[in-house]
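Have a look at upload18.txt; it's compact mmCIF, C-alpha atoms:
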# COMPACT_ATOMS: atom_id res chain seq x y z
CA MET A 1 -11.33 32.15 3.88
CA ILE A 2 -9.60 28.78 3.56
CA VAL A 3 -9.28 27.37 0.07
CA GLU A 4 -7.88 23.87 0.59
CA ARG A 5 -10.13 20.82 0.28
CA GLY A 6 -11.72 18.91 3.13
CA PRO A 7 -15.22 18.91 4.65
CA LEU A 8 -14.55 21.57 7.28
CA ARG A 9 -12.52 23.77 4.95
CA VAL A 10 -15.10 23.52 2.18
CA ALA A 11 -17.69 24.68 4.70
CA GLY A 12 -15.34 27.54 5.61
CA ASN A 13 -15.20 28.55 1.96
CA LEU A 14 -18.96 28.56 1.46
CA VAL A 15 -20.04 30.04 4.79
CA TRP A 16 -18.82 33.47 3.67
CA LEU A 17 -20.96 33.48 0.55
CA PRO A 18 -24.35 34.16 2.20
CA ILE A 19 -22.70 36.71 4.50
CA VAL A 20 -21.35 38.65 1.53
CA LEU A 21 -24.69 38.49 -0.28
CA VAL A 22 -26.65 39.66 2.73
CA ALA A 23 -24.22 42.50 3.35
CA ALA A 24 -24.43 43.55 -0.30
CA PHE A 25 -28.24 43.70 -0.57
CA VAL A 26 -29.73 44.14 2.91
CA ARG A 27 -27.77 46.86 4.63
CA GLU A 28 -26.73 48.80 1.55
CA PRO A 29 -28.74 51.09 -0.77
CA PRO A 30 -30.76 49.28 -3.46
CA PRO A 31 -28.94 48.39 -6.68
CA VAL A 32 -28.72 50.94 -9.45
CA HIS A 33 -29.53 48.26 -12.03
CA PRO A 34 -31.59 45.54 -10.28
CA LEU A 35 -31.69 43.10 -13.22
CA GLY A 36 -27.98 43.46 -13.86
CA ALA A 37 -27.30 42.99 -10.15
CA VAL A 38 -29.33 39.77 -10.11
CA ALA A 39 -27.44 38.39 -13.14
CA ALA A 40 -24.06 39.40 -11.68
CA THR A 41 -25.02 37.83 -8.35
CA ALA A 42 -25.92 34.56 -10.06
CA ILE A 43 -22.59 34.47 -11.93
CA ALA A 44 -20.49 35.36 -8.89
CA THR A 45 -22.37 32.92 -6.65
CA THR A 46 -21.92 30.09 -9.16
CA GLY A 47 -18.19 30.76 -9.38
CA TRP A 48 -17.83 30.90 -5.59
CA ALA A 49 -19.73 27.62 -5.26
CA LEU A 50 -17.48 25.95 -7.87
CA LEU A 51 -14.38 27.01 -5.97
CA GLY A 52 -15.85 26.12 -2.58
CA TRP A 53 -16.99 22.62 -3.54
CA MET A 54 -13.63 21.67 -5.04
CA ARG A 55 -13.83 18.06 -6.27
CA GLU A 56 -11.17 15.43 -5.63
CA ASN A 57 -10.18 15.18 -9.30
CA PRO A 58 -11.84 18.18 -10.98
CA PRO A 59 -11.77 18.81 -14.73
CA VAL A 60 -9.07 21.12 -16.01
CA TRP A 61 -11.56 23.92 -16.58
CA TRP A 62 -13.11 23.74 -13.09
CA THR A 63 -10.83 26.16 -11.21
CA PRO A 64 -10.25 28.71 -14.02
CA VAL A 65 -13.99 28.92 -14.73
CA GLY A 66 -14.78 29.30 -11.05
CA ILE A 67 -12.19 32.06 -10.63
CA ALA A 68 -13.36 33.89 -13.75
CA ALA A 69 -17.03 33.68 -12.79
CA THR A 70 -16.36 34.85 -9.23
CA GLY A 71 -14.16 37.77 -10.29
CA LEU A 72 -16.25 38.95 -13.25
CA GLY A 73 -19.46 38.59 -11.26
CA GLY A 74 -17.92 40.65 -8.47
CA VAL A 75 -16.84 43.37 -10.92
CA ALA A 76 -20.35 43.44 -12.41
CA LEU A 77 -21.89 43.70 -8.93
CA LEU A 78 -19.63 46.65 -8.14
CA ALA A 79 -20.87 48.30 -11.32
CA THR A 80 -24.58 47.62 -10.73
CA THR A 81 -24.79 48.39 -7.01
CA ARG A 82 -23.79 51.26 -4.76
CA SER A 83 -22.09 48.85 -2.34
CA THR A 84 -18.40 48.01 -1.85
CA THR A 85 -19.22 44.62 -0.33
CA PRO A 86 -19.01 42.74 -3.71
CA PHE A 87 -15.30 43.57 -3.61
CA ALA A 88 -15.09 40.38 -1.50
CA PHE A 89 -15.72 38.37 -4.69
CA LEU A 90 -12.62 39.87 -6.27
CA VAL A 91 -10.53 39.14 -3.18
CA TYR A 92 -11.71 35.53 -3.09
CA ALA A 93 -11.01 35.01 -6.80
CA VAL A 94 -7.47 36.40 -6.49
CA LEU A 95 -6.83 34.42 -3.29
CA VAL A 96 -7.87 31.12 -4.88
CA ALA A 97 -5.83 31.93 -7.97
CA GLY A 98 -2.75 32.38 -5.79
CA VAL A 99 -3.31 28.98 -4.17
CA ARG A 100 -4.39 26.85 -7.12
CA LEU A 101 -3.04 28.41 -10.31
CA PRO A 102 0.54 28.72 -11.59
CA VAL A 103 2.30 31.98 -10.81
CA THR A 104 1.83 33.42 -14.31
CA ALA A 105 -1.88 32.63 -14.36
CA ALA A 106 -2.32 33.95 -10.82
CA VAL A 107 -0.63 37.26 -11.70
CA GLY A 108 -2.77 37.46 -14.83
CA THR A 109 -5.88 36.99 -12.68
CA LEU A 110 -4.74 39.82 -10.41
CA ALA A 111 -4.16 42.09 -13.40
CA GLY A 112 -7.63 41.33 -14.78
CA MET A 113 -9.27 42.04 -11.43
CA VAL A 114 -7.34 45.32 -11.07
CA VAL A 115 -8.40 46.43 -14.57
CA GLY A 116 -12.04 45.58 -13.85
CA LEU A 117 -11.89 47.31 -10.47
CA VAL A 118 -10.41 50.50 -11.95
CA ALA A 119 -12.94 50.46 -14.79
CA VAL A 120 -15.95 50.39 -12.45
CA SER A 121 -14.42 52.82 -9.94
CA LEU A 122 -13.56 55.73 -12.24
CA GLY A 123 -15.69 58.10 -10.19
CA SER A 124 -14.19 57.03 -6.86
CA ALA A 125 -11.36 58.66 -5.01
CA PRO A 126 -7.94 57.48 -6.25
CA ALA A 127 -6.86 56.70 -2.68
CA VAL A 128 -9.78 54.31 -2.19
CA VAL A 129 -9.03 52.55 -5.48
CA ALA A 130 -5.36 52.27 -4.49
CA VAL A 131 -6.32 50.67 -1.17
CA PHE A 132 -8.51 48.14 -2.99
CA VAL A 133 -5.67 47.33 -5.39
CA LEU A 134 -3.28 46.81 -2.48
CA LEU A 135 -5.81 44.48 -0.85
CA LEU A 136 -5.94 42.42 -4.04
CA VAL A 137 -2.13 42.24 -4.15
CA ALA A 138 -2.09 41.17 -0.51
CA ALA A 139 -4.69 38.48 -1.23
CA LEU A 140 -2.55 37.13 -4.10
CA LEU A 141 0.60 37.08 -1.96
CA PHE A 142 -1.27 35.35 0.85
CA GLY A 143 -2.61 32.71 -1.51
CA MET A 144 0.82 32.09 -3.04
CA GLY A 145 2.26 31.83 0.45
CA ARG A 146 -0.35 29.22 1.36
CA ARG A 147 0.54 27.23 -1.74
CA GLU A 148 4.25 27.42 -0.96
CA SER A 149 3.62 26.34 2.61
CA ALA A 150 1.56 23.39 1.44
CA SER A 151 4.30 22.47 -1.04
CA ARG A 152 6.94 22.55 1.69
CA ALA A 153 4.73 20.40 3.94
CA GLU A 154 4.30 17.90 1.13
CA GLN A 155 8.05 17.83 0.56
CA ARG A 156 8.60 17.18 4.27
CA GLU A 157 6.12 14.32 4.17
CA LEU A 158 7.86 12.84 1.14
CA ALA A 159 11.20 13.17 2.90
CA VAL A 160 9.81 11.38 5.97
CA VAL A 161 8.44 8.60 3.76
CA ALA A 162 11.77 8.29 1.93
CA THR A 163 13.64 8.13 5.25
CA ALA A 164 11.29 5.46 6.58
CA ARG A 165 11.70 3.49 3.37
CA ALA A 166 15.47 3.74 3.65
CA HIS A 167 15.31 2.46 7.23
CA GLU A 168 13.10 -0.43 6.09
CA GLU A 169 15.54 -1.33 3.32
CA HIS A 170 18.42 -1.17 5.78
CA ALA A 171 16.58 -3.43 8.22
CA ARG A 172 15.69 -5.78 5.39
CA ALA A 173 19.31 -5.96 4.27
CA ALA A 174 20.41 -6.63 7.86
CA ALA A 175 17.80 -9.40 8.14
CA LEU A 176 19.01 -10.97 4.89
CA ASP A 177 22.59 -10.85 6.15
CA GLU A 178 21.52 -12.52 9.38
CA ARG A 179 19.62 -15.19 7.45
CA ALA A 180 22.69 -15.85 5.33
CA ARG A 181 24.84 -16.20 8.46
CA ILE A 182 22.34 -18.63 10.00
CA ALA A 183 22.24 -20.55 6.73
CA ARG A 184 26.01 -20.94 6.74
CA ASP A 185 26.00 -22.17 10.33
CA VAL A 186 23.13 -24.60 9.73
CA HIS A 187 24.73 -25.90 6.58
CA ASP A 188 28.10 -26.43 8.26
CA VAL A 189 26.63 -28.28 11.25
CA LEU A 190 24.01 -30.40 9.51
CA ALA A 191 26.00 -31.16 6.38
CA HIS A 192 28.93 -32.40 8.44
CA SER A 193 26.94 -34.42 10.96
CA LEU A 194 24.42 -35.95 8.55
CA SER A 195 27.04 -36.72 5.94
CA ALA A 196 29.18 -38.42 8.57
CA LEU A 197 26.13 -40.32 9.80
CA ALA A 198 25.33 -41.51 6.26
CA VAL A 199 28.91 -42.70 5.79
CA GLN A 200 28.87 -44.53 9.13
CA LEU A 201 25.57 -46.22 8.27
CA GLN A 202 26.92 -47.26 4.88
CA GLY A 203 29.92 -48.82 6.62
CA ALA A 204 27.67 -50.54 9.14
CA ARG A 205 25.50 -51.95 6.32
CA LEU A 206 28.57 -53.34 4.54
CA MET A 207 29.84 -54.92 7.76
CA LEU A 208 26.45 -56.53 8.39
CA LEU A 209 26.39 -57.92 4.88
CA ARG A 210 29.92 -59.23 5.32
CA ASP A 211 29.09 -60.93 8.62
CA GLY A 212 25.84 -62.42 7.30
CA ALA A 213 23.49 -60.44 9.56
CA PRO A 214 19.75 -61.14 9.37
CA PRO A 215 17.95 -59.35 6.51
CA ASP A 216 15.70 -57.35 8.86
CA THR A 217 18.77 -55.92 10.60
CA VAL A 218 20.26 -54.87 7.26
CA ALA A 219 16.91 -53.38 6.24
CA GLN A 220 16.78 -51.29 9.42
CA VAL A 221 20.26 -49.91 8.75
CA GLU A 222 19.36 -49.17 5.11
CA ARG A 223 16.22 -47.37 6.29
CA ALA A 224 18.26 -45.30 8.72
CA GLN A 225 20.67 -44.48 5.92
CA ARG A 226 17.81 -43.28 3.71
CA LEU A 227 16.45 -41.18 6.56
CA ALA A 228 19.84 -39.55 7.02
CA ALA A 229 20.03 -38.82 3.28
CA ASP A 230 16.50 -37.40 3.30
CA GLY A 231 17.32 -35.29 6.34
CA LEU A 232 20.39 -33.90 4.60
CA ALA A 233 18.30 -33.05 1.52
CA GLU A 234 15.66 -31.31 3.67
CA ALA A 235 18.34 -29.38 5.53
CA ARG A 236 19.78 -28.17 2.24
CA LYS A 237 16.32 -27.01 1.13
CA ALA A 238 15.88 -25.12 4.40
CA VAL A 239 19.30 -23.52 3.97
CA ALA A 240 18.39 -22.52 0.42
CA ALA A 241 15.19 -20.93 1.74
CA LEU A 242 17.20 -18.92 4.28
CA ARG A 243 19.61 -17.73 1.63
CA SER A 244 16.98 -16.57 -0.85
CA GLU A 245 13.84 -14.49 -0.95
CA PRO A 246 10.53 -16.36 -0.51
CA VAL A 247 9.41 -17.59 -3.92
CA ASP A 248 5.99 -17.19 -5.42
CA VAL A 249 3.53 -19.50 -3.68
CA ILE A 250 2.18 -21.13 -6.83
CA GLU A 251 5.62 -21.61 -8.34
CA GLY A 252 6.91 -23.03 -5.07
CA LEU A 253 4.01 -25.48 -4.79
CA ARG A 254 4.50 -26.59 -8.37
CA ALA A 255 8.16 -27.28 -7.69
CA LEU A 256 7.33 -29.29 -4.53
CA VAL A 257 4.67 -31.33 -6.32
CA ALA A 258 7.00 -31.96 -9.25
CA ASP A 259 9.56 -33.47 -6.85
CA ALA A 260 6.97 -35.66 -5.10
CA PRO A 261 5.91 -38.93 -6.78
CA ASP A 262 2.18 -39.39 -7.45
CA ALA A 263 1.37 -35.83 -6.32
CA THR A 264 -1.06 -33.45 -8.04
CA LEU A 265 -1.74 -29.75 -7.56
CA GLN A 266 -4.99 -27.76 -7.79
CA ILE A 267 -5.12 -23.94 -7.55
CA ASP A 268 -8.49 -22.27 -6.87
CA GLY A 269 -7.97 -18.51 -6.99
CA GLU A 270 -4.83 -16.41 -6.80
CA PRO A 271 -3.44 -16.17 -3.24
CA ALA A 272 -2.89 -12.42 -3.52
CA GLY A 273 -1.88 -10.24 -0.58
CA LEU A 274 0.17 -12.84 1.30
CA ALA A 275 3.13 -11.42 3.18
CA ALA A 276 6.57 -12.96 2.81
CA GLY A 277 6.26 -14.86 6.10
CA GLU A 278 2.82 -16.16 5.14
CA ARG A 279 4.06 -17.37 1.75
CA GLU A 280 6.91 -19.19 3.45
CA THR A 281 4.47 -20.74 5.92
CA VAL A 282 2.33 -22.14 3.09
CA LEU A 283 5.35 -23.57 1.27
CA ARG A 284 7.01 -25.09 4.34
CA THR A 285 3.73 -26.64 5.48
CA ALA A 286 3.19 -28.20 2.06
CA GLN A 287 6.78 -29.45 2.03
CA GLU A 288 6.46 -31.08 5.46
CA ALA A 289 3.07 -32.61 4.58
CA LEU A 290 4.44 -34.12 1.37
CA THR A 291 7.43 -35.46 3.26
CA ASN A 292 5.13 -37.06 5.86
CA ALA A 293 3.06 -38.68 3.13
CA ARG A 294 6.16 -40.06 1.46
CA ARG A 295 7.52 -41.45 4.72
CA HIS A 296 4.37 -42.77 6.35
CA ALA A 297 2.26 -43.66 3.29
CA PRO A 298 4.76 -44.65 0.57
CA GLY A 299 3.21 -44.95 -2.85
CA ALA A 300 0.02 -43.11 -1.90
CA PRO A 301 -1.31 -40.52 -4.39
CA VAL A 302 -1.26 -37.08 -2.79
CA HIS A 303 -3.49 -34.17 -3.80
CA VAL A 304 -2.42 -30.61 -2.93
CA ARG A 305 -5.06 -27.88 -3.18
CA LEU A 306 -4.59 -24.15 -2.58
CA THR A 307 -7.86 -22.24 -2.28
CA ARG A 308 -8.58 -18.53 -1.92
CA ARG A 309 -11.66 -18.00 0.28
CA GLY A 310 -12.39 -14.28 0.48
CA ALA A 311 -9.50 -12.78 2.42
CA ALA A 312 -8.28 -16.20 3.62
CA THR A 313 -6.00 -18.77 1.98
CA GLU A 314 -6.49 -22.50 2.63
CA LEU A 315 -3.95 -25.24 1.92
CA VAL A 316 -5.07 -28.89 1.88
CA VAL A 317 -2.67 -31.82 1.46
CA HIS A 318 -4.57 -35.13 1.27
CA ASP A 319 -3.16 -38.62 0.63
CA ARG A 320 -5.30 -41.62 -0.27
CA GLY A 321 -3.90 -44.62 1.54
CA GLY A 322 -0.59 -46.08 0.45
CA ALA A 323 1.23 -49.21 1.52
CA PRO A 324 1.68 -49.61 5.29
CA ALA A 325 4.99 -48.07 6.29
CA PRO A 326 7.31 -49.57 8.92
CA ARG A 327 6.60 -48.06 12.30
CA GLN A 328 8.81 -45.05 12.90
CA PRO A 329 9.32 -43.01 16.04
CA GLY A 330 7.25 -39.85 16.25
CA GLY A 331 8.94 -36.62 15.26
CA TYR A 332 8.13 -32.95 15.52
CA GLY A 333 6.77 -32.34 12.02
CA LEU A 334 3.17 -31.67 13.03
CA THR A 335 4.27 -29.63 16.03
CA GLY A 336 6.52 -27.51 13.86
CA MET A 337 3.76 -26.97 11.28
CA ALA A 338 1.32 -25.93 14.02
CA GLU A 339 3.83 -23.50 15.52
CA ARG A 340 4.61 -22.02 12.10
CA ALA A 341 0.89 -21.62 11.36
CA ALA A 342 0.29 -19.92 14.72
CA LEU A 343 3.08 -17.42 14.04
CA ALA A 344 1.39 -16.52 10.74
CA GLY A 345 -2.02 -16.13 12.42
CA ALA A 346 -3.33 -19.35 10.83
CA GLU A 347 -4.65 -22.70 12.07
CA LEU A 348 -3.47 -26.24 11.34
CA GLU A 349 -5.71 -29.30 11.19
CA ALA A 350 -4.10 -32.73 10.88
Please lay out the structure from this file as structure tokens.
Amino acid sequence: MIVERGPLRVAGNLVWLPIVLVAAFVREPPPVHPLGAVAATAIATTGWALLGWMRENPPVWWTPVGIAATGLGGVALLATTRSTTPFAFLVYAVLVAGVRLPVTAAVGTLAGMVVGLVAVSLGSAPAVVAVFVLLLVAALLFGMGRRESASRAEQRELAVVATARAHEEHARAAALDERARIARDVHDVLAHSLSALAVQLQGARLMLLRDGAPPDTVAQVERAQRLAADGLAEARKAVAALRSEPVDVIEGLRALVADAPDATLQIDGEPAGLAAGERETVLRTAQEALTNARRHAPGAPVHVRLTRRGAATELVVHDRGGAPAPRQPGGYGLTGMAERAALAGAELEA
């Protein structure tokens, strides 16, 4: 008789009930007290059913009442019938007590069952009563062993979970260290090269002004200088992202919009459940889109909207026609956004 929960095990608990009842009333002599036997059967059956159909989160009284009803009903059946089969109710009550109750309560249940058994078996041979008592003790020890085994299994599962969590934390720390190393390398390379480029362009602009170069030539150099400065600023932002944990999506979008002129933000629903990589994808896509709007549509108002649609998150960055920008060579911004979206399992429309 298995006492743990689960559909198959619950069925295993209850399948014995009709067998015990049939054995007690069909193949044995008729009860000495029929009405008392019927009442005792109802009590014992109710208790067995309570223990068999153990709920996921039962009330505190559920198990003690079930054990008491099963055991007392079994003792009453022993007293009102000439059959030893109802002894199975006592065994089941003690077994379940060993599995589900604290040790003190389980031992108390055993003592109560032994007292009831001895009280209704005064006319029986002492050896038979002693065997029944030993069976009850064995049932209690078996139940307590099952509980201890289940406890050890649970402890092993917790240990496995703790070990897996430790491995995850170790891998996460290693990934953060690697990101920090990459950030240092990127910063050293880009900061040096872009800063040197900005200085060289500044010198070239001053030389053009000194030599009286045409205004459009000076404007082209100034534009290149601004692009170098913007590139250095973007590189520093990327390095900062590598060095730190991904920020909250809404806070990150608010910071990006605050740094962009004529930009507004609309949030429709909390983007809950986004993984770290997905949050970073949303933020980097918004950053690149705002940068594109600033470069290719200067002065245009830009509206950023983040929408939660069921299990999906949608980001829309829409500008509304600014001043025509000088023609610039095509870059890899859209390609990079599309690749980043694909890695996150998303789609990009431009």
Worksheet entry | Exercise: segment 268-280 of chain A partners within 8 Å, all atoms listed in the file, chain neighbours under 5 positions left out, as an MDAnalysis selection string | chainID A and resid 246:249 305:308 313 344
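Nearest residue to Leu134 of chain A among A:Val316, A:Ala106, A:Val91, A:Ala164 is A:Val91, counting all atoms listed in the file.
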Close residues, segment 39-49 of chain A itself excluded, 8 Å, all atoms listed in the file, min 2 positions apart in chain, as a ChimeraX atom specification = /A:14,17,35-37,51-53,65-74,76-77,89
Kindly save the residues from that selection, with C-alpha atoms included, as a PDB file, in the frame of the given file.
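Once everything was written out, this is out-v3.pdb:
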ATOM      1  CA  LEU A  14     -18.960  28.560   1.460  1.00  0.00           C
ATOM      2  CA  LEU A  17     -20.960  33.480   0.550  1.00  0.00           C
ATOM      3  CA  LEU A  35     -31.690  43.100 -13.220  1.00  0.00           C
ATOM      4  CA  GLY A  36     -27.980  43.460 -13.860  1.00  0.00           C
ATOM      5  CA  ALA A  37     -27.300  42.990 -10.150  1.00  0.00           C
ATOM      6  CA  LEU A  51     -14.380  27.010  -5.970  1.00  0.00           C
ATOM      7  CA  GLY A  52     -15.850  26.120  -2.580  1.00  0.00           C
ATOM      8  CA  TRP A  53     -16.990  22.620  -3.540  1.00  0.00           C
ATOM      9  CA  VAL A  65     -13.990  28.920 -14.730  1.00  0.00           C
ATOM     10  CA  GLY A  66     -14.780  29.300 -11.050  1.00  0.00           C
ATOM     11  CA  ILE A  67     -12.190  32.060 -10.630  1.00  0.00           C
ATOM     12  CA  ALA A  68     -13.360  33.890 -13.750  1.00  0.00           C
ATOM     13  CA  ALA A  69     -17.030  33.680 -12.790  1.00  0.00           C
ATOM     14  CA  THR A  70     -16.360  34.850  -9.230  1.00  0.00           C
ATOM     15  CA  GLY A  71     -14.160  37.770 -10.290  1.00  0.00           C
ATOM     16  CA  LEU A  72     -16.250  38.950 -13.250  1.00  0.00           C
ATOM     17  CA  GLY A  73     -19.460  38.590 -11.260  1.00  0.00           C
ATOM     18  CA  GLY A  74     -17.920  40.650  -8.470  1.00  0.00           C
ATOM     19  CA  ALA A  76     -20.350  43.440 -12.410  1.00  0.00           C
ATOM     20  CA  LEU A  77     -21.890  43.700  -8.930  1.00  0.00           C
ATOM     21  CA  PHE A  89     -15.720  38.370  -4.690  1.00  0.00           C
TER      22      PHE A  89
END
With distances taken over all atoms listed in the file, the candidate from A:Ala162, A:Val103, A:Ala255, A:Val129 nearest Val115 of chain A is A:Val129
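You can rank A:Ala229, A:Gly212, A:His170, A:Arg181 by their closest distance to Ala196 of chain A using only C-alpha atoms, and at the top of that list sits A:Ala229.
The gap separating atom CA of Ile267 of chain A from atom CA of Gly336 of chain A is 24.6 Å, in Å to one decimal.
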Taken to one decimal, the atom CA of Ala297 of chain A-atom CA of Leu209 of chain A distance is 28.1 Å
Pairwise distance, atom CA of Val99 of chain A with atom CA of Arg146 of chain A, equals 6.3 Å
For Leu117 of chain A, the closest of A:Thr84, A:Val75, A:Pro59, A:Leu95 counting only C-alpha atoms is A:Val75
Polymer residues at most 9 Å from (23.3, -59.7, 7.8) by only C-alpha atoms, as a PDB file with C-alpha atoms, in the coordinates of the input:
ATOM      1  CA  ARG A 205      25.500 -51.950   6.320  1.00  0.00           C
ATOM      2  CA  LEU A 206      28.570 -53.340   4.540  1.00  0.00           C
ATOM      3  CA  MET A 207      29.840 -54.920   7.760  1.00  0.00           C
ATOM      4  CA  LEU A 208      26.450 -56.530   8.390  1.00  0.00           C
ATOM      5  CA  LEU A 209      26.390 -57.920   4.880  1.00  0.00           C
ATOM      6  CA  ARG A 210      29.920 -59.230   5.320  1.00  0.00           C
ATOM      7  CA  ASP A 211      29.090 -60.930   8.620  1.00  0.00           C
ATOM      8  CA  GLY A 212      25.840 -62.420   7.300  1.00  0.00           C
ATOM      9  CA  ALA A 213      23.490 -60.440   9.560  1.00  0.00           C
ATOM     10  CA  PRO A 214      19.750 -61.140   9.370  1.00  0.00           C
ATOM     11  CA  PRO A 215      17.950 -59.350   6.510  1.00  0.00           C
ATOM     12  CA  ASP A 216      15.700 -57.350   8.860  1.00  0.00           C
ATOM     13  CA  THR A 217      18.770 -55.920  10.600  1.00  0.00           C
ATOM     14  CA  VAL A 218      20.260 -54.870   7.260  1.00  0.00           C
TER      15      VAL A 218
END
key: Polymer residues at most 7 Å from Glu288 of chain A, all atoms listed in the file, same-chain spacing of 4 or more positions, as a count of residues only   = 3
Spatial neighbours of segment 251-254 of chain A, max dist 8 Å, all atoms listed in the file, sep filter under 5 positions, as number ranges by chain
A: 265, 283, 286
Between A:Leu290, A:Leu194, A:Ala88, A:Ala175, smallest distance to Ala228 of chain A by all atoms listed in the file belongs to A:Leu194
